[in-house]
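Step one of this worksheet: look at the structure below.
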Amino acid sequence: MAVRADEISSLIRRQLEGLDTSAQQVEIGTVVEIGDGIARVYGLAGVKSSELVEFPGKGPNGSDVLGMALNLEEDTVGVIIMGPYTNIQEGDTVRSTGRIISVPVGPELIGRVVNALGQPIDGKGDIRTSRPDRFVERVAPGVISRKGVDTPVQTGLKAIDAMIPVGRGQRELIIGDRQTGKTAVAIDTIINQKGGDLVCIYVAIGQKQSQVAQVVATLERNGAMAHTIVVSASASDPAPLQYIAPYSGAAMGEEVMENGVQLNGKLIKDALIIYDDLSKHANAYRQVSLLLKRPAGREAYPGDVFYLHSRLLERAARLSEDYGGGSLTALPVIETQANDVSAYIPTNVISITDGQIYLESDLFNAGQRPAVNVGLSVSRVGGAAQTAPMKQVAGTLRLALAQFRELAAFAQFGSDLDKATKQQLDRGQRTAEILKQPQYSPLSFEKQVIIVYAVTNGFLDDVPVDKALDWEKGFYKFLDSAHPEFGKGIKENPRKKLSGEQLDQLKRYISEFKQGNKF
Amino acid sequence: MPSGTAGRRYAQAFFEIARNQNKVDEWAKDLDSIAQTFDQPEVKRYLENPKTAKDKKRAFVQNVLGTQVSTVSLNLALVLIQRERQEYIDAIRKEFIRLVNQLKGIEIAYVTTAVPVDEAEKRQIKSRLSALTGKQIEIETQVDPDLIGGIVARIGDTQIDGSVKTRLQALRKQLA
């Protein structure tokens, strides 16, 4: 849009005329100590906890640097600085703003990459939200406003949707060593919501900028940014920003849960938030706490590191109809060291969440991807949310797989196996094979139902193990072209079990497909 | 900087006795003379010398101050000597003055202006600030040409900013 010069000058004139020339009254303090992103400020007697304060003119090009008051002591206030702090000196004036830290929320953020304060960092221009900002820290919804989990979040991953179902409003931990595909599970879940009814928020905490850029590019390439907000507090951001980033993301998610947003012409009230990852978040908080001279506890984490995560994850909720019926599902990510889930932070988060998806590097290296360890992964409430057909066909899957693992270990001794054992091993191998799934290719739930039914009922027993995935792909293609109405029938009735007639039909289609295709 | 926290506790206790006995102003002067005495270099060295017995120091203080100050004030000085906290006297005095001012409803305003102000203007500023805060105001003035015009008044932790400099900054922000 072109703006004419005289319009600019009239605009400036109006602003000059309208300039507030009355004296401002503010609380002030003086910096007595500064370093490592923390300032100790003398004065500011009336400042509130987690209130924003300003260091006037200390940012780049004379802009103001913001800080947040955390430790309120008798004489001084401990302030964490949320921005460049190299220009701040002892003796500088600090002004209170009277604002509690808050972030912009609303539909304008969707498709954008923002920092922990909700400011855009993707170079796509200003974000002008129409809704009032929300406080970053907020008490989680209470008992009265909640209800049980009853709707699934479809991750699009067979291994998870079949055996470790996640419900809307649930908190399901994704845990595993580095390089086991934790982020991949999260990204696949986001991609699977394309054109669906979930707004996704991806909070990157303490990650490399390059990695965040890669995630954003992946989401864009798969058309998933249209329903996603990325909140990034990368490794180079000050620790205070990394500390508040997940809470900012949660505030954005709560806006969706409580007031909803318009997306694809629908009012959407369900949100999914991924905290990637909370180990680094705990580290950032440890840094802040130690610098604020709070007493250190186990592994030098402060005493309230449990509360740090519990209050964050408690904000995930499924609201009852009286309160709008929205939901906020949380998928926190924790990185373990050498598969040690009994370290401090992992045990904390495991005990807070409603189950965990445990990824293992051994499985990953053996080619089992996603590398979900079925034995150690659980979903404590998701079963209630699983679709009826999936529940029907996947009921025995977990047990069968566990038995197979045990047998397989036993069979390694190479002794002669009886026919029944041999058959169980064969089926187990095929089941494990079918649970493999390439990255960025989430599968719709009706296809998952079909393949799980086929493998658990022995229809793949005559297919060589290494051809099982080809068989799967071919069968989908066959169904889509020859009998597209069958999948549709399952998809449209997620709360109805498969009827005997449907099962017969499916059996027929399988034999039809097998006749035409040899593997 | 000697700890303000400990000094504050002594000042608080001392102030409470002073208020009960209605001797606030006298004792403020007492504190001045104690501080002055403690501050003389020879006295300071003598009192800080660990080789000198505390009894001797106390006798010395009693000799010097005994006639000048009231009994309770002298006791304060002796307690400080006994506990080797004589360097806190400044902090105690400052806090005591603050408490006295608070009792009387007096606040000190630090007023910064771009050009020096005369007595009439001072009176005007004083009365305006008194009206604003509802307290009696003592002002201390300072000149800072950087403000360009207007005044900045600081009362306690509150700053009232009516300077041209701040307004220009606000304007710049609005135009940005």
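Identifiers for the structure tokens are assigned positionally: chains receive A, B, ... in sequence, residues are indexed from 1 per chain, and ligands are indexed from 1 in the order shown.
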
Problem set entry | Long-range neighbours of A:Glu108 as a PyMOL selection string, 12 Å cut-off, only C-alpha atoms, 6 positions minimum in chain | chain A and resi 114+118-120+124-131+226-229+252+255-256+261-263

Those residues you just picked out, can you put them in a file as a CSV table (one decimal), in the first residue's frame with C-alpha atoms?
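Dumped to part_23.csv:
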chain,number,residue,atom,x,y,z
A,114,VAL,CA,7.2,-16.3,17.7
A,118,GLY,CA,4.9,-13.7,21.5
A,119,GLN,CA,6.9,-11.4,19.2
A,120,PRO,CA,7.3,-12.6,15.7
A,124,LYS,CA,6.5,-12.1,8.2
A,125,GLY,CA,5.6,-8.8,9.8
A,126,ASP,CA,3.9,-7.6,12.9
A,127,ILE,CA,1.2,-9.7,14.6
A,128,ARG,CA,-1.8,-7.5,15.5
A,129,THR,CA,-4.1,-9.6,17.7
A,130,SER,CA,-7.7,-8.6,18.3
A,131,ARG,CA,-8.0,-10.4,21.6
A,226,ALA,CA,-1.6,-23.6,8.6
A,227,HIS,CA,-2.8,-24.9,11.9
A,228,THR,CA,0.4,-24.5,14.0
A,229,ILE,CA,2.0,-21.9,16.2
A,252,MET,CA,-1.9,-19.5,23.7
A,255,GLU,CA,-7.1,-19.2,24.5
A,256,VAL,CA,-8.0,-21.9,21.9
A,261,VAL,CA,-10.5,-20.0,17.0
A,262,GLN,CA,-11.9,-20.0,13.5
A,263,LEU,CA,-9.9,-22.3,11.2

For this session: Just the residues within 6 Å of stretch 182-193 of chain A, please, counting only C-alpha atoms, with nothing from its chain fewer than 6 positions along; format it as a ChimeraX atom specification.
Result: /A:155-156,224,440,442

Quick one: everything within 10 Å of A:Gly253, counting only C-alpha atoms, minus sequence neighbours fewer than 6 positions away in the same chain. Send it as a compact mmCIF listing (two decimals) with N, CA, C and O atoms, in the first residue's frame.
# COMPACT_ATOMS: atom_id res chain seq x y z
N VAL A 105 -2.47 -13.52 22.12
CA VAL A 105 -3.08 -14.81 21.80
C VAL A 105 -4.13 -14.59 20.70
O VAL A 105 -4.52 -13.47 20.44
N GLY A 106 -4.55 -15.69 20.10
CA GLY A 106 -5.63 -15.59 19.12
C GLY A 106 -5.25 -16.15 17.78
O GLY A 106 -4.12 -16.60 17.57
N VAL A 199 -5.71 -27.29 16.86
CA VAL A 199 -4.67 -26.29 16.67
C VAL A 199 -3.44 -26.78 17.40
O VAL A 199 -3.53 -27.20 18.55
N CYS A 200 -2.28 -26.79 16.73
CA CYS A 200 -1.08 -27.33 17.35
C CYS A 200 -0.14 -26.19 17.74
O CYS A 200 -0.03 -25.20 17.03
N ILE A 201 0.50 -26.35 18.87
CA ILE A 201 1.50 -25.38 19.32
C ILE A 201 2.78 -26.15 19.60
O ILE A 201 2.77 -27.09 20.38
N ILE A 229 1.23 -23.06 15.68
CA ILE A 229 2.01 -21.93 16.20
C ILE A 229 3.33 -22.50 16.70
O ILE A 229 3.32 -23.50 17.40
N TYR A 247 5.20 -21.69 29.28
CA TYR A 247 4.02 -21.07 29.87
C TYR A 247 3.34 -20.15 28.84
O TYR A 247 2.12 -20.05 28.79
N GLY A 260 -11.80 -20.61 21.64
CA GLY A 260 -11.84 -21.17 20.30
C GLY A 260 -11.30 -20.21 19.26
O GLY A 260 -11.16 -19.03 19.49
N LYS A 269 -11.95 -25.67 19.16
CA LYS A 269 -11.69 -25.44 20.58
C LYS A 269 -10.73 -26.47 21.16
O LYS A 269 -10.64 -26.61 22.36
N ASP A 270 -10.07 -27.21 20.31
CA ASP A 270 -9.13 -28.21 20.80
C ASP A 270 -7.72 -27.82 20.38
O ASP A 270 -7.50 -27.45 19.23
N ALA A 271 -6.82 -27.91 21.33
CA ALA A 271 -5.44 -27.56 21.01
C ALA A 271 -4.52 -28.67 21.50
O ALA A 271 -4.83 -29.39 22.44
N LEU A 272 -3.38 -28.77 20.82
CA LEU A 272 -2.36 -29.75 21.18
C LEU A 272 -1.07 -28.97 21.35
O LEU A 272 -0.70 -28.17 20.50
N ILE A 273 -0.42 -29.16 22.50
CA ILE A 273 0.82 -28.42 22.71
C ILE A 273 1.96 -29.39 22.98
O ILE A 273 1.80 -30.36 23.70
N ARG A 315 -2.08 -27.52 33.35
CA ARG A 315 -2.91 -26.63 32.54
C ARG A 315 -3.51 -27.34 31.34
O ARG A 315 -4.36 -26.79 30.65
N ALA A 316 -3.02 -28.55 31.05
CA ALA A 316 -3.70 -29.36 30.03
C ALA A 316 -5.02 -29.81 30.64
O ALA A 316 -5.06 -30.19 31.80
N SER A 327 -10.39 -28.34 24.80
CA SER A 327 -9.37 -29.17 25.43
C SER A 327 -7.98 -28.66 25.09
O SER A 327 -7.79 -27.97 24.08
N LEU A 328 -7.05 -28.97 25.95
CA LEU A 328 -5.64 -28.71 25.69
C LEU A 328 -4.87 -29.98 26.02
O LEU A 328 -4.83 -30.41 27.16
N THR A 329 -4.32 -30.60 24.98
CA THR A 329 -3.57 -31.84 25.16
C THR A 329 -2.09 -31.48 25.20
O THR A 329 -1.64 -30.70 24.38
N ALA A 330 -1.36 -32.06 26.14
CA ALA A 330 0.07 -31.74 26.22
C ALA A 330 0.90 -32.96 25.90
O ALA A 330 0.64 -34.06 26.39

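You will find atom CA of B:Asp144 at 7.3 Å from atom CA of B:Val115.
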
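Residues in contact with B:Arg8 at 12 Å, where only C-alpha atoms are counted and same-chain residues fewer than 5 positions away are skipped, are listed as A:Glu74, A:Asp75, B:Pro2, B:Ser3, B:Ala13, B:Phe14, B:Phe15, B:Tyr88, B:Ile89, B:Asp90, B:Ala91, B:Ile92, B:Arg93, B:Lys94, B:Glu95, B:Phe96, B:Ile97, B:Arg98, B:Leu99.
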
Quick one: which chain B residues come within 6 Å of chain A, and what is the nearest atom pair for each with the distance in Å to one decimal, counting only C-alpha atoms, rows ordered by chain and ascending number, as JSON lines?
{"residue": "B:Asp157", "atom": "CA", "partner": "A:Ile28", "partner_atom": "CA", "distance": 5.4}
{"residue": "B:Thr158", "atom": "CA", "partner": "A:Glu27", "partner_atom": "CA", "distance": 4.4}
{"residue": "B:Gln159", "atom": "CA", "partner": "A:Val26", "partner_atom": "CA", "distance": 5.2}
{"residue": "B:Ile160", "atom": "CA", "partner": "A:Gln25", "partner_atom": "CA", "distance": 4.3}
{"residue": "B:Asp161", "atom": "CA", "partner": "A:Gln24", "partner_atom": "CA", "distance": 5.1}
{"residue": "B:Gly162", "atom": "CA", "partner": "A:Ala23", "partner_atom": "CA", "distance": 4.1}

For this session: Can you list, as a PyMOL selection string, all residues belonging to stretch 3-64 of chain B that DSSP tags as alpha helix (DSSP H)?
Result: chain B and resi 4-20+24-39+41-48+54-64

Problem set entry | Distance query B:Val64 at most 12 Å, only C-alpha atoms, self and fewer than 2 positions along chain excluded, as a ChimeraX atom specification | /B:33-34,36-38,43,57-62,66-69,74,77-78

For this session: Show which residues sit within 6 Å of A:Leu52, as a PyMOL selection string. Count only C-alpha atoms, and ignore same-chain residues fewer than 5 positions away.
Result: chain A and resi 67-68+97+99-101

Exercise. What are the DSSP strand (DSSP E or B) residues of stretch 40-115 of chain B, as a PyMOL selection string?
Worked result: chain B and resi 106-113

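Going from atom CA of A:Arg311 to atom CA of A:Val215 covers 26.9 Å.
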
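Between atom CA of A:Asn493 and atom CA of A:Ile268 there is a distance of 20.6 Å.
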